[in-house]
Each structure stands twice: as structure tokens, then as C-alpha cells.
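File shown: upload.tsv. Contents: TSV, C-alpha atoms and all ligand atoms.
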```
chain	number	residue	atom	x	y	z
A	1	MET	CA	36.81	-16.78	-94.63
A	2	LYS	CA	40.42	-16.77	-95.77
A	3	LEU	CA	42.99	-14.25	-94.59
A	4	SER	CA	46.10	-13.37	-96.60
A	5	ILE	CA	49.10	-11.74	-94.99
A	6	VAL	CA	51.31	-9.83	-97.44
A	7	VAL	CA	54.89	-9.31	-96.34
A	8	PRO	CA	57.44	-7.34	-98.39
A	9	CYS	CA	60.97	-8.46	-97.51
A	10	TYR	CA	64.19	-6.76	-98.42
A	11	ASN	CA	67.29	-8.22	-96.80
A	12	GLU	CA	65.29	-9.65	-93.92
A	13	GLU	CA	67.22	-12.91	-93.52
A	14	ALA	CA	67.95	-12.11	-89.87
A	15	VAL	CA	64.34	-11.86	-88.80
A	16	LEU	CA	62.35	-13.89	-91.30
A	17	SER	CA	62.18	-17.26	-89.54
A	18	HIS	CA	61.30	-15.57	-86.28
A	19	PHE	CA	58.61	-13.54	-88.02
A	20	ASP	CA	57.16	-16.60	-89.70
A	21	ALA	CA	57.02	-18.62	-86.48
A	22	THR	CA	55.46	-15.75	-84.53
A	23	ILE	CA	52.81	-15.01	-87.09
A	24	ARG	CA	51.85	-18.64	-87.55
A	25	ALA	CA	51.47	-19.05	-83.80
A	26	VAL	CA	49.09	-16.09	-83.75
A	27	LEU	CA	47.13	-17.25	-86.80
A	28	ALA	CA	46.78	-20.77	-85.46
A	29	GLY	CA	44.94	-19.32	-82.48
A	30	LEU	CA	42.37	-17.66	-84.72
A	31	ALA	CA	39.67	-19.66	-86.39
A	32	VAL	CA	40.47	-18.62	-89.95
A	33	GLU	CA	42.00	-20.16	-93.00
A	34	TYR	CA	45.15	-18.25	-93.87
A	35	GLU	CA	48.04	-17.85	-96.28
A	36	LEU	CA	51.30	-15.95	-96.04
A	37	CYS	CA	52.42	-14.11	-99.18
A	38	TYR	CA	56.07	-13.17	-99.02
A	39	VAL	CA	57.55	-10.90	-101.63
A	40	ASP	CA	61.33	-10.89	-101.80
A	41	ASP	CA	62.24	-7.47	-103.11
A	42	GLY	CA	65.52	-8.46	-104.73
A	43	SER	CA	67.34	-9.10	-101.46
A	44	ALA	CA	71.10	-9.52	-101.56
A	45	ASP	CA	71.22	-11.79	-98.51
A	46	GLY	CA	69.72	-15.23	-97.87
A	47	THR	CA	66.11	-14.04	-97.78
A	48	LEU	CA	65.09	-16.00	-100.86
A	49	ALA	CA	66.63	-19.22	-99.59
A	50	ARG	CA	64.72	-18.78	-96.33
A	51	LEU	CA	61.51	-18.24	-98.25
A	52	ARG	CA	62.07	-21.39	-100.28
A	53	SER	CA	62.52	-23.47	-97.17
A	54	LEU	CA	59.52	-21.87	-95.45
A	55	ALA	CA	57.43	-22.68	-98.49
A	56	GLN	CA	58.64	-26.28	-98.34
A	57	GLN	CA	57.88	-26.54	-94.65
A	58	HIS	CA	54.42	-25.03	-94.88
A	59	ARG	CA	53.08	-26.18	-98.19
A	60	GLY	CA	49.67	-24.80	-99.03
A	61	THR	CA	49.83	-21.82	-96.69
A	62	THR	CA	52.91	-20.11	-98.06
A	63	ARG	CA	53.29	-18.21	-101.27
A	64	TYR	CA	56.43	-16.40	-102.20
A	65	LEU	CA	57.71	-14.52	-105.16
A	66	SER	CA	61.05	-12.99	-105.75
A	67	PHE	CA	61.88	-9.91	-107.83
A	68	SER	CA	64.71	-9.82	-110.32
A	69	ARG	CA	66.19	-6.86	-108.42
A	70	ASN	CA	65.24	-4.38	-105.71
A	71	PHE	CA	62.17	-2.53	-107.00
A	72	GLY	CA	61.09	-0.94	-103.73
A	73	LYS	CA	58.46	-1.52	-101.11
A	74	GLU	CA	55.55	-0.14	-103.13
A	75	PRO	CA	55.98	-2.59	-106.04
A	76	ALA	CA	56.49	-5.36	-103.48
A	77	ILE	CA	53.18	-4.52	-101.85
A	78	LEU	CA	51.50	-4.43	-105.24
A	79	ALA	CA	52.89	-7.85	-106.15
A	80	GLY	CA	51.72	-9.24	-102.82
A	81	LEU	CA	48.23	-7.85	-103.29
A	82	ARG	CA	48.01	-9.35	-106.76
A	83	ALA	CA	49.13	-12.74	-105.51
A	84	ALA	CA	46.92	-12.83	-102.42
A	85	ASP	CA	43.52	-14.43	-102.87
A	86	GLY	CA	42.07	-14.10	-99.36
A	87	ASP	CA	38.76	-12.43	-98.54
A	88	ALA	CA	40.79	-10.00	-96.50
A	89	VAL	CA	44.45	-9.03	-96.76
A	90	ILE	CA	46.73	-7.68	-94.06
A	91	LEU	CA	49.92	-5.84	-95.02
A	92	MET	CA	52.78	-6.30	-92.58
A	93	ASP	CA	56.48	-5.53	-92.37
A	94	ALA	CA	58.80	-8.46	-91.88
A	95	ASP	CA	60.66	-6.90	-88.96
A	96	LEU	CA	57.90	-7.45	-86.36
A	97	GLN	CA	57.46	-3.72	-85.87
A	98	HIS	CA	53.84	-4.38	-86.68
A	99	PRO	CA	52.68	-6.42	-83.68
A	100	PRO	CA	51.09	-9.70	-84.89
A	101	ALA	CA	48.94	-9.65	-81.77
A	102	LEU	CA	46.85	-6.91	-83.40
A	103	ILE	CA	45.65	-9.23	-86.17
A	104	GLU	CA	42.80	-10.49	-84.01
A	105	LYS	CA	41.56	-6.98	-83.36
A	106	MET	CA	41.77	-6.17	-87.06
A	107	LEU	CA	39.73	-9.25	-87.91
A	108	ASP	CA	37.08	-8.30	-85.36
A	109	LEU	CA	36.76	-4.84	-86.90
A	110	TYR	CA	36.67	-6.37	-90.37
A	111	GLN	CA	33.84	-8.63	-89.31
A	112	LEU	CA	31.91	-5.55	-88.23
A	113	GLY	CA	31.89	-4.61	-91.89
A	114	HIS	CA	34.82	-2.21	-92.31
A	115	ASP	CA	36.74	-2.35	-95.58
A	116	GLN	CA	39.95	-0.82	-94.30
A	117	VAL	CA	41.12	-1.43	-90.76
A	118	VAL	CA	44.09	0.81	-90.11
A	119	ALA	CA	46.58	0.55	-87.29
A	120	LYS	CA	47.97	3.98	-86.51
A	121	ARG	CA	51.22	4.02	-84.64
A	122	THR	CA	51.88	6.52	-81.94
A	123	ARG	CA	55.23	8.25	-82.20
A	124	HIS	CA	56.17	6.97	-78.77
A	125	GLY	CA	59.83	5.91	-78.67
A	126	ASP	CA	60.80	7.62	-81.92
A	127	ARG	CA	63.67	10.02	-81.96
A	128	ARG	CA	62.27	13.42	-81.06
A	129	LEU	CA	63.64	15.24	-84.09
A	130	ARG	CA	62.20	12.66	-86.44
A	131	SER	CA	58.73	12.74	-84.96
A	132	ALA	CA	58.71	16.57	-84.86
A	133	LEU	CA	59.75	16.69	-88.51
A	134	SER	CA	57.09	14.24	-89.58
A	135	ARG	CA	54.40	16.12	-87.68
A	136	LEU	CA	55.45	19.31	-89.42
A	137	TYR	CA	55.50	17.57	-92.77
A	138	TYR	CA	51.99	16.20	-92.43
A	139	ARG	CA	50.62	19.53	-91.37
A	140	ALA	CA	52.14	21.17	-94.46
A	141	VAL	CA	51.23	18.41	-96.87
A	142	ASN	CA	47.60	18.24	-95.85
A	143	ARG	CA	47.12	21.82	-96.96
A	144	TRP	CA	48.40	20.98	-100.40
A	145	VAL	CA	47.16	17.51	-101.12
A	146	ASP	CA	43.63	16.50	-102.01
A	147	VAL	CA	43.58	13.20	-100.19
A	148	GLU	CA	44.14	13.19	-96.47
A	149	LEU	CA	47.46	11.83	-95.24
A	150	THR	CA	47.69	11.09	-91.54
A	151	ASP	CA	50.81	10.96	-89.42
A	152	GLY	CA	51.58	7.49	-88.08
A	153	VAL	CA	49.30	5.75	-90.54
A	154	GLY	CA	51.36	3.45	-92.70
A	155	ASP	CA	50.99	0.22	-94.55
A	156	PHE	CA	49.99	-1.85	-91.53
A	157	ARG	CA	46.33	-2.41	-92.27
A	158	LEU	CA	43.67	-4.89	-93.20
A	159	LEU	CA	41.97	-4.51	-96.57
A	160	SER	CA	38.77	-6.24	-97.57
A	161	ARG	CA	38.57	-7.90	-100.97
A	162	THR	CA	36.63	-4.87	-102.20
A	163	ALA	CA	39.40	-2.51	-101.14
A	164	VAL	CA	42.12	-4.75	-102.60
A	165	ASP	CA	40.34	-4.91	-105.94
A	166	ALA	CA	39.96	-1.14	-105.90
A	167	LEU	CA	43.70	-0.72	-105.27
A	168	LEU	CA	44.57	-3.17	-108.02
A	169	SER	CA	42.41	-1.24	-110.46
A	170	LEU	CA	44.69	1.79	-110.11
A	171	PRO	CA	47.27	1.34	-112.85
A	172	GLU	CA	49.70	4.15	-112.12
A	173	TYR	CA	53.40	3.48	-112.15
A	174	ASN	CA	54.26	5.88	-109.37
A	175	ARG	CA	52.59	4.26	-106.42
A	176	PHE	CA	52.40	6.24	-103.24
A	177	SER	CA	50.43	3.74	-101.16
A	178	LYS	CA	49.61	6.06	-98.35
A	179	GLY	CA	47.79	8.30	-100.78
A	180	LEU	CA	46.24	5.43	-102.71
A	181	PHE	CA	44.73	3.92	-99.56
A	182	SER	CA	43.20	7.25	-98.73
A	183	TRP	CA	42.10	7.86	-102.30
A	184	ILE	CA	40.08	4.65	-102.67
A	185	GLY	CA	38.06	5.51	-99.57
A	186	PHE	CA	35.53	2.87	-98.41
A	187	ASP	CA	34.51	2.33	-94.84
A	188	THR	CA	37.69	2.95	-92.87
A	189	VAL	CA	38.34	2.55	-89.16
A	190	THR	CA	41.55	3.48	-87.35
A	191	PHE	CA	43.00	2.41	-84.02
A	192	ASP	CA	46.21	3.30	-82.20
A	193	TYR	CA	49.10	1.01	-81.40
A	194	ARG	CA	52.51	1.48	-79.94
A	195	ASN	CA	55.37	0.95	-82.32
A	196	ALA	CA	57.75	-1.85	-81.43
A	197	ALA	CA	61.47	-1.71	-82.04
A	198	ARG	CA	62.84	-3.61	-85.02
A	199	GLU	CA	63.60	-7.18	-83.93
A	200	ALA	CA	66.67	-7.69	-86.08
A	201	GLY	CA	68.29	-6.46	-89.25
A	202	GLU	CA	68.32	-2.76	-89.99
A	203	THR	CA	66.03	-0.11	-91.39
A	204	LYS	CA	66.20	0.73	-95.08
A	205	TRP	CA	65.04	4.29	-94.56
A	206	HIS	CA	67.63	6.97	-94.34
A	207	LEU	CA	67.17	10.71	-94.35
A	208	GLY	CA	67.55	11.09	-98.11
A	209	ALA	CA	64.97	8.38	-98.76
A	210	LEU	CA	62.58	10.02	-96.34
A	211	VAL	CA	62.93	13.42	-98.03
A	212	ASN	CA	62.25	11.86	-101.42
A	213	TYR	CA	59.28	10.01	-100.00
A	214	GLY	CA	58.03	13.34	-98.69
A	215	ILE	CA	58.29	14.98	-102.10
A	216	ASP	CA	56.48	12.01	-103.65
A	217	GLY	CA	53.69	12.51	-101.18
A	218	MET	CA	53.29	16.12	-102.23
A	219	LEU	CA	53.39	15.50	-105.97
A	220	SER	CA	51.69	12.15	-106.41
A	221	PHE	CA	48.19	13.30	-105.98
A	222	ASN	CA	47.48	16.58	-107.65
A	223	CYS	CA	48.75	19.64	-109.44
A	224	ARG	CA	48.29	21.98	-106.54
A	225	PRO	CA	52.00	22.77	-106.17
A	226	LEU	CA	51.77	24.17	-109.70
A	227	ARG	CA	48.96	26.41	-108.51
A	228	LEU	CA	51.39	27.57	-105.84
A	229	ALA	CA	53.78	28.57	-108.61
A	230	ILE	CA	51.06	30.65	-110.23
A	231	TYR	CA	50.33	32.41	-106.94
A	232	ALA	CA	54.01	33.12	-106.38
A	233	GLY	CA	54.28	34.56	-109.89
A	234	LEU	CA	51.22	36.74	-109.43
A	235	GLY	CA	52.46	37.96	-106.06
A	236	LEU	CA	55.88	38.82	-107.42
A	237	ALA	CA	54.44	40.61	-110.48
A	238	SER	CA	52.22	42.74	-108.26
A	239	LEU	CA	55.15	43.60	-106.01
A	240	ALA	CA	57.20	44.55	-109.07
A	241	ALA	CA	54.38	46.80	-110.32
A	242	LEU	CA	54.16	48.56	-106.95
A	243	TYR	CA	57.91	48.98	-106.82
A	244	THR	CA	57.99	50.45	-110.33
A	245	LEU	CA	55.30	52.97	-109.40
A	246	TRP	CA	57.27	53.84	-106.28
A	247	ILE	CA	60.47	54.45	-108.27
A	248	ILE	CA	58.69	56.55	-110.88
A	249	GLY	CA	57.04	58.58	-108.13
A	250	ALA	CA	60.35	59.07	-106.32
A	251	ALA	CA	62.06	60.13	-109.57
A	252	LEU	CA	59.29	62.68	-110.29
A	253	VAL	CA	59.58	64.16	-106.81
A	254	GLY	CA	63.30	63.95	-106.09
A	255	GLY	CA	64.91	63.54	-109.53
A	256	VAL	CA	66.78	60.45	-110.77
A	257	THR	CA	69.28	58.86	-108.39
A	258	ALA	CA	71.37	55.85	-109.42
A	259	PRO	CA	72.23	53.69	-106.36
A	260	GLY	CA	70.56	50.31	-105.91
A	261	TYR	CA	73.25	47.82	-106.88
A	262	VAL	CA	72.62	45.54	-103.92
A	263	THR	CA	68.85	45.64	-104.41
A	264	LEU	CA	69.32	44.75	-108.05
A	265	VAL	CA	71.59	41.78	-107.39
A	266	ALA	CA	69.36	40.50	-104.61
A	267	ILE	CA	66.31	40.66	-106.85
A	268	ILE	CA	68.02	38.96	-109.78
A	269	VAL	CA	69.43	36.14	-107.69
A	270	GLY	CA	66.21	35.71	-105.74
A	271	LEU	CA	64.09	35.51	-108.84
A	272	GLY	CA	66.60	33.19	-110.50
A	273	GLY	CA	66.30	30.83	-107.55
A	274	LEU	CA	62.55	30.95	-107.59
A	275	GLN	CA	62.46	30.19	-111.30
A	276	MET	CA	64.71	27.19	-110.78
A	277	VAL	CA	62.37	25.85	-108.12
A	278	MET	CA	59.35	26.28	-110.37
A	279	LEU	CA	61.16	24.66	-113.28
A	280	GLY	CA	62.09	21.76	-111.05
A	281	LEU	CA	58.48	21.45	-110.03
A	282	ILE	CA	57.25	21.35	-113.61
A	283	GLY	CA	60.09	18.97	-114.44
A	284	GLU	CA	58.95	16.61	-111.67
A	285	TYR	CA	55.51	16.39	-113.19
A	286	ILE	CA	56.87	15.89	-116.68
A	287	GLY	CA	59.19	13.19	-115.33
A	288	ARG	CA	56.17	11.44	-113.89
A	289	ILE	CA	54.35	11.65	-117.20
A	290	TYR	CA	57.45	10.19	-118.85
A	291	TYR	CA	57.46	7.20	-116.50
A	292	GLU	CA	53.75	6.62	-116.88
A	293	ALA	CA	54.01	6.91	-120.65
A	294	LYS	CA	56.57	4.08	-120.85
A	295	ARG	CA	53.98	1.70	-119.40
A	296	ARG	CA	56.59	-0.60	-117.99
A	297	PRO	CA	55.54	-3.29	-115.55
A	298	HIS	CA	55.97	-2.34	-111.90
A	299	PHE	CA	58.30	-5.25	-111.22
A	300	LEU	CA	59.79	-8.39	-112.74
A	301	VAL	CA	59.49	-11.75	-111.03
A	302	LYS	CA	62.39	-14.15	-111.26
A	303	GLU	CA	61.02	-16.94	-109.12
A	304	SER	CA	57.78	-17.82	-107.44
A	305	ASN	CA	55.89	-20.82	-106.08
A	306	THR	CA	52.54	-19.42	-107.08
A	307	ALA	CA	50.91	-19.01	-110.45
A	308	ALA	CA	52.16	-15.84	-112.08
A	309	PRO	CA	49.97	-13.08	-110.67
A	310	ALA	CA	47.37	-11.97	-113.16
A	311	PRO	CA	48.63	-8.79	-114.76
A	312	ALA	CA	46.61	-5.67	-114.07
A	313	PRO	CA	44.63	-4.44	-117.09
A	314	ALA	CA	47.05	-1.62	-117.81
A	315	ASP	CA	50.03	-3.97	-117.86
A	316	ALA	CA	48.23	-6.47	-120.04
A	317	ALA	CA	47.48	-4.05	-122.86
A	318	PRO	CA	50.45	-3.98	-125.23
A	319	ALA	CA	51.84	-0.52	-125.84
A	320	GLY	CA	50.09	1.15	-128.72
A	321	SER	CA	46.94	-0.91	-128.41
A	322	ARG	CA	45.04	2.11	-127.16
A	323	ALA	CA	45.29	3.97	-130.43
A	324	GLY	CA	42.01	5.45	-131.51
B	401	LIG	N1	61.21	-3.18	-97.82
B	401	LIG	C1	61.08	-3.66	-99.12
B	401	LIG	N2	61.82	-3.05	-100.13
B	401	LIG	C2	62.64	-1.99	-99.90
B	401	LIG	C3	62.71	-1.50	-98.56
B	401	LIG	C4	61.99	-2.11	-97.56
B	401	LIG	O1	60.35	-4.61	-99.39
B	401	LIG	O2	63.26	-1.50	-100.84
B	401	LIG	C5	60.43	-3.84	-96.74
B	401	LIG	C6	61.28	-4.32	-95.57
B	401	LIG	O3	61.80	-5.61	-95.80
B	401	LIG	C7	60.27	-4.31	-94.43
B	401	LIG	C8	59.37	-3.15	-94.78
B	401	LIG	O4	59.55	-2.90	-96.18
B	401	LIG	O5	59.51	-5.50	-94.38
B	401	LIG	C9	59.67	-1.91	-93.98
B	401	LIG	O6	61.04	-1.58	-94.11
B	401	LIG	P1	61.90	-1.03	-92.89
B	401	LIG	O7	61.63	-1.82	-91.67
B	401	LIG	O8	63.30	-0.92	-93.38
B	401	LIG	O9	61.27	0.44	-92.74
B	401	LIG	P2	60.92	1.19	-91.34
B	401	LIG	O10	60.13	0.21	-90.51
B	401	LIG	O11	62.19	1.55	-90.74
B	401	LIG	O12	60.08	2.35	-91.78
B	402	MG	MG	60.71	-1.47	-89.92
```
Take the structure in the file and give it back as C-alpha cells.
Amino acid sequence: MKLSIVVPCYNEEAVLSHFDATIRAVLAGLAVEYELCYVDDGSADGTLARLRSLAQQHRGTTRYLSFSRNFGKEPAILAGLRAADGDAVILMDADLQHPPALIEKMLDLYQLGHDQVVAKRTRHGDRRLRSALSRLYYRAVNRWVDVELTDGVGDFRLLSRTAVDALLSLPEYNRFSKGLFSWIGFDTVTFDYRNAAREAGETKWHLGALVNYGIDGMLSFNCRPLRLAIYAGLGLASLAALYTLWIIGAALVGGVTAPGYVTLVAIIVGLGGLQMVMLGLIGEYIGRIYYEAKRRPHFLVKESNTAAPAPAPADAAPAGSRAG
């Protein structure tokens, strides 16, 4: 069998050579044919130059492609999956936070017939606030999302050819991998590992990015948040009806009294806020439709040492060809 390792790299010059050497040492100890597929996600440092020289050094086992600018990790993963031609593919970060030593275990589980072998990281060693927040987030999101999202489960996983082909058949522009992996299903097995510290370079995730990622997770998979808006509207309308009855009753019993300025302002402002949130929510969905409707490719490649990855069916069809 042949194993492909897909590695998205964004400004990973500091760690890339070390990563490459480590991973090759591990792979050499396993009796499999392998290839490394690096995707340079528009890095501003010397990542691409490193990739070129790695590809020179290890001809035949190294593929790389480089984006015309930074498109993000999700498009980089997609590009890697399209380029990889192994019977199984492992997705790994370039910073060695995903321990290469686990590859052997993943292969063993794959050979038992699993299509997705998922390494789930324990939150050990994370900052306490961050791990508490993510636990809270996953608890909330799982009530509102159709596919199951699990805390600690990320992109570090092995996918069988079947699973890879399934992922590649999903044409959407907004790719929230975590949800996609869960959506395709297939025989999945999960095991725990302890997260390592980044070897070098620095993380590209900051609080703002995490919050946006969180919102993506909520909205990428269904329209249930819109259902929430309907419930909120119904609840508020019923409250308003009760309140009206109460006021009419009070006026009948005790005559008309005029105070209530504060109540009025609070209600107006509160409802205004709620309406903004709901509008934003609807706007998010429309924005997504807008992006999908443009049917742009997920990324542009400026350089690569491998045949241009076959475009996915959706990208191949010229706009307008679906008329009728
Ligand atoms: N990455 C990428 N494009 C981006 C951001 C990150 O390809 O826009 C890659 C990065 O090079 C690394 C992986 O995604 O291989 C994970 O990134 P990072 O280590 O910064 O995230 P963290 O481990 O802190 O969640
Ligand atoms: Mg990392």
C-alpha cells in the first residue's frame, strides 16, 4: 500500500526541515511506500524555498504545491487531498504538534479496516481558560448542529481512499473540515494522544480567528440557528400578548395610569438588539449563498512539482453550464 502525508504549511520555515527529517525517519521504519504532500499556503517567509530543496533532495517521494496567496488551512488541506494519490492519507500539521510516532498506530487501525482513524488530543497542557471555553463551545454547538463535533478532534487523522474520495466529492466553497469529516461518516475509530508543544515558529490562531471559526462551526452545517430565531420571535410575541392582556386588565380595574417610560425604552432597545442579531444571522446565510454562487475555485496554485491536481467536478463545470 502507499501512504500519503498531507501537510499544510504557512510560514513554517523555522520547523520544516526538522519536520521533514523526523517524519521520514518514522516512515522509513514502517514497511510502506510513502509520499509527502506539502502545500505552501502563500507563506511570506522561506517556506517555498525549503520545499523546493526538499523536493530536490527526495525526488519521487515529495510533492509540493504553492498557493498564489494565503487562502487558509482548509483550502490547503483540500489541495493536499486532491494531490495525494496514496491508498490512505494522513493529515498533519507542520509544527510537530501531531506526534509522528502515532503514524504506526494509525496504520495498524487502518489495516483493521477503519476508514477514518482519528487522533483526539487531550487538553492537557493547554491554558485553562482556553480549554474551558472550548469545552463550553462544543457543548453548546452540539445541541445546534446536525453533525457531531467533538472537542479535541482536529485534522490529525488518517483517511482511507474511500473517505478521501467522499471528501473530494463535496464541492462547497465554505469548508469546515471538522464538520465535513463527521458528515461523510464511514467506519471511524478514535484514540487519545497528548498534545505536544509547537517545536518552532508561532501559532496562526488568535482569539478573533477562533471566534470566527466557532461561528463557522455553528453555521456551516444547517439552518437550525434560524429555527432559533423563529422560537425567539414566537416567545416574544406570546410575552407581548400576555403583557397586553395584563395592561388592559389593570386599566379596567384601576383606570389608566401613564408611567412606564423605562419599561418602554428597555423593550424598544432590547427588541432592536434582538432584531439586529437575527438580521445578522440571516445575513450570514445569505453571504454564504453569495460565496457559493460565485463558484470560484478554492485556491490558485502558482507553483508545483506535481501534475496540476484534477479539478473537482464543481470547479470543472464552467459557470452557467448548469442551465436547464
Ligand atoms: N496553516 C495553514 N494556513 C493558515 C494557517 C495555518 O496552512 O492560514 C497551517 C500551519 O502551517 C500548520 C497548521 O495549519 O501546519 C496548524 O496551524 P497552527 O500550528 O498555527 O495552529 P494551532 O496548532 O495553533 O492550532
Ligand atoms: Mg500548531
Please identify all protein, DNA and RNA residues within 9 Å of ligand LIG 401 (chain B), counting all atoms listed in the file, and report them as a ChimeraX atom specification. /A:7-12,39-43,70-77,92-98,154-155,197-198,201-206
Give the answer as one residue: which of A:Pro225, A:Gly208, A:Pro171, A:Gly185 has the shortest atom-to-atom distance to Trp144 of chain A, using only C-alpha atoms?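 Looking only at the distances to Trp144 of chain A, the closest residue turns out to be A:Pro225.
Nearest-residue note for ligand MG 402 (chain B): choosing from A:Asn195, A:Ser220, A:Gln111, A:Thr306, the minimum distance belongs to A:Asn195, counting only C-alpha atoms and all ligand atoms.
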Could you list, as a PDB file with C-alpha atoms, keeping the file's coordinate frame, every residue within 9 Å of segment 84-88 of chain A, counting all atoms listed in the file and ignoring same-chain residues fewer than 3 positions away?
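The resulting file, selection.pdb, is shown below:
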```
ATOM      1  CA  MET A   1      36.810 -16.780 -94.630  1.00  0.00           C
ATOM      2  CA  LYS A   2      40.420 -16.770 -95.770  1.00  0.00           C
ATOM      3  CA  LEU A   3      42.990 -14.250 -94.590  1.00  0.00           C
ATOM      4  CA  SER A   4      46.100 -13.370 -96.600  1.00  0.00           C
ATOM      5  CA  ILE A   5      49.100 -11.740 -94.990  1.00  0.00           C
ATOM      6  CA  VAL A   6      51.310  -9.830 -97.440  1.00  0.00           C
ATOM      7  CA  GLU A  33      42.000 -20.160 -93.000  1.00  0.00           C
ATOM      8  CA  TYR A  34      45.150 -18.250 -93.870  1.00  0.00           C
ATOM      9  CA  GLU A  35      48.040 -17.850 -96.280  1.00  0.00           C
ATOM     10  CA  LEU A  36      51.300 -15.950 -96.040  1.00  0.00           C
ATOM     11  CA  CYS A  37      52.420 -14.110 -99.180  1.00  0.00           C
ATOM     12  CA  ARG A  63      53.290 -18.210-101.270  1.00  0.00           C
ATOM     13  CA  ALA A  79      52.890  -7.850-106.150  1.00  0.00           C
ATOM     14  CA  GLY A  80      51.720  -9.240-102.820  1.00  0.00           C
ATOM     15  CA  LEU A  81      48.230  -7.850-103.290  1.00  0.00           C
ATOM     16  CA  LEU A 107      39.730  -9.250 -87.910  1.00  0.00           C
ATOM     17  CA  TYR A 110      36.670  -6.370 -90.370  1.00  0.00           C
ATOM     18  CA  ASP A 115      36.740  -2.350 -95.580  1.00  0.00           C
ATOM     19  CA  LEU A 158      43.670  -4.890 -93.200  1.00  0.00           C
ATOM     20  CA  LEU A 159      41.970  -4.510 -96.570  1.00  0.00           C
ATOM     21  CA  SER A 160      38.770  -6.240 -97.570  1.00  0.00           C
ATOM     22  CA  ARG A 161      38.570  -7.900-100.970  1.00  0.00           C
ATOM     23  CA  THR A 162      36.630  -4.870-102.200  1.00  0.00           C
ATOM     24  CA  ALA A 163      39.400  -2.510-101.140  1.00  0.00           C
ATOM     25  CA  VAL A 164      42.120  -4.750-102.600  1.00  0.00           C
ATOM     26  CA  PRO A 309      49.970 -13.080-110.670  1.00  0.00           C
TER      27      PRO A 309
END
```
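The neighbours of Val117 of chain A here are the residues that come within 10 Å of it, using only C-alpha atoms and leaving out any residue fewer than 2 positions away in the same chain; they are Ile90, Lys105, Met106, Leu107, Asp108, Leu109, Tyr110, Gly113, His114, Asp115, Ala119, Lys120, Phe156, Arg157, Leu158, Leu159, Ser160, Asp187, Thr188, Val189, Thr190 and Phe191 of chain A.
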Report the distance between atom CA of Ile230 of chain A and atom CA of Met278 of chain A in Å, rounded to one decimal place.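 So the two atoms, atom CA of Ile230 of chain A and atom CA of Met278 of chain A, lie 9.4 Å apart.
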Excluding Pro259 of chain A and its own-chain neighbours fewer than 5 positions away, which residues fall within 12 Å of it when counting all atoms listed in the file? Please give them as a ChimeraX atom specification. /A:247,264-265
Just-selected residues, C-alpha atoms written as a PDB file, in the frame of the given file:
```pdb
ATOM      1  CA  ILE A 247      60.470  54.450-108.270  1.00  0.00           C
ATOM      2  CA  LEU A 264      69.320  44.750-108.050  1.00  0.00           C
ATOM      3  CA  VAL A 265      71.590  41.780-107.390  1.00  0.00           C
TER       4      VAL A 265
END
```
When you get a chance, write out N, CA, C and O atoms for segment 295-308 of chain A, as a short mmCIF file (atom, residue, chain, number, x, y, z; two decimals), keeping the file's coordinate frame.
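Result file follows (part01.cif):
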```cif
data_model
loop_
_atom_site.label_atom_id
_atom_site.label_comp_id
_atom_site.auth_asym_id
_atom_site.auth_seq_id
_atom_site.Cartn_x
_atom_site.Cartn_y
_atom_site.Cartn_z
N ARG A 295 54.84 2.86 -119.68
CA ARG A 295 53.98 1.70 -119.40
C ARG A 295 54.80 0.44 -119.14
O ARG A 295 54.48 -0.63 -119.63
N ARG A 296 55.83 0.59 -118.38
CA ARG A 296 56.59 -0.60 -117.99
C ARG A 296 55.88 -1.30 -116.87
O ARG A 296 55.14 -0.68 -116.12
N PRO A 297 56.11 -2.61 -116.71
CA PRO A 297 55.54 -3.29 -115.55
C PRO A 297 56.17 -2.74 -114.27
O PRO A 297 57.27 -2.18 -114.32
N HIS A 298 55.48 -2.90 -113.16
CA HIS A 298 55.97 -2.34 -111.90
C HIS A 298 57.15 -3.12 -111.35
O HIS A 298 57.92 -2.62 -110.55
N PHE A 299 57.24 -4.39 -111.76
CA PHE A 299 58.30 -5.25 -111.22
C PHE A 299 58.47 -6.45 -112.13
O PHE A 299 57.59 -6.74 -112.95
N LEU A 300 59.59 -7.14 -112.01
CA LEU A 300 59.79 -8.39 -112.74
C LEU A 300 60.03 -9.50 -111.74
O LEU A 300 60.80 -9.33 -110.79
N VAL A 301 59.37 -10.62 -111.95
CA VAL A 301 59.49 -11.75 -111.03
C VAL A 301 60.49 -12.74 -111.59
O VAL A 301 60.42 -13.09 -112.76
N LYS A 302 61.44 -13.16 -110.75
CA LYS A 302 62.39 -14.15 -111.26
C LYS A 302 62.05 -15.54 -110.77
O LYS A 302 62.44 -16.53 -111.36
N GLU A 303 61.34 -15.62 -109.65
CA GLU A 303 61.02 -16.94 -109.12
C GLU A 303 59.78 -16.83 -108.24
O GLU A 303 59.60 -15.82 -107.57
N SER A 304 58.96 -17.87 -108.28
CA SER A 304 57.78 -17.82 -107.44
C SER A 304 57.21 -19.21 -107.31
O SER A 304 57.44 -20.07 -108.16
N ASN A 305 56.50 -19.50 -106.22
CA ASN A 305 55.89 -20.82 -106.08
C ASN A 305 54.39 -20.74 -106.31
O ASN A 305 53.65 -21.63 -106.00
N THR A 306 53.97 -19.60 -106.83
CA THR A 306 52.54 -19.42 -107.08
C THR A 306 52.35 -19.09 -108.55
O THR A 306 53.29 -18.63 -109.20
N ALA A 307 51.17 -19.35 -109.05
CA ALA A 307 50.91 -19.01 -110.45
C ALA A 307 51.24 -17.55 -110.66
O ALA A 307 51.01 -16.74 -109.77
N ALA A 308 51.80 -17.23 -111.82
CA ALA A 308 52.16 -15.84 -112.08
C ALA A 308 50.95 -14.97 -111.80
O ALA A 308 49.86 -15.27 -112.26
#
```
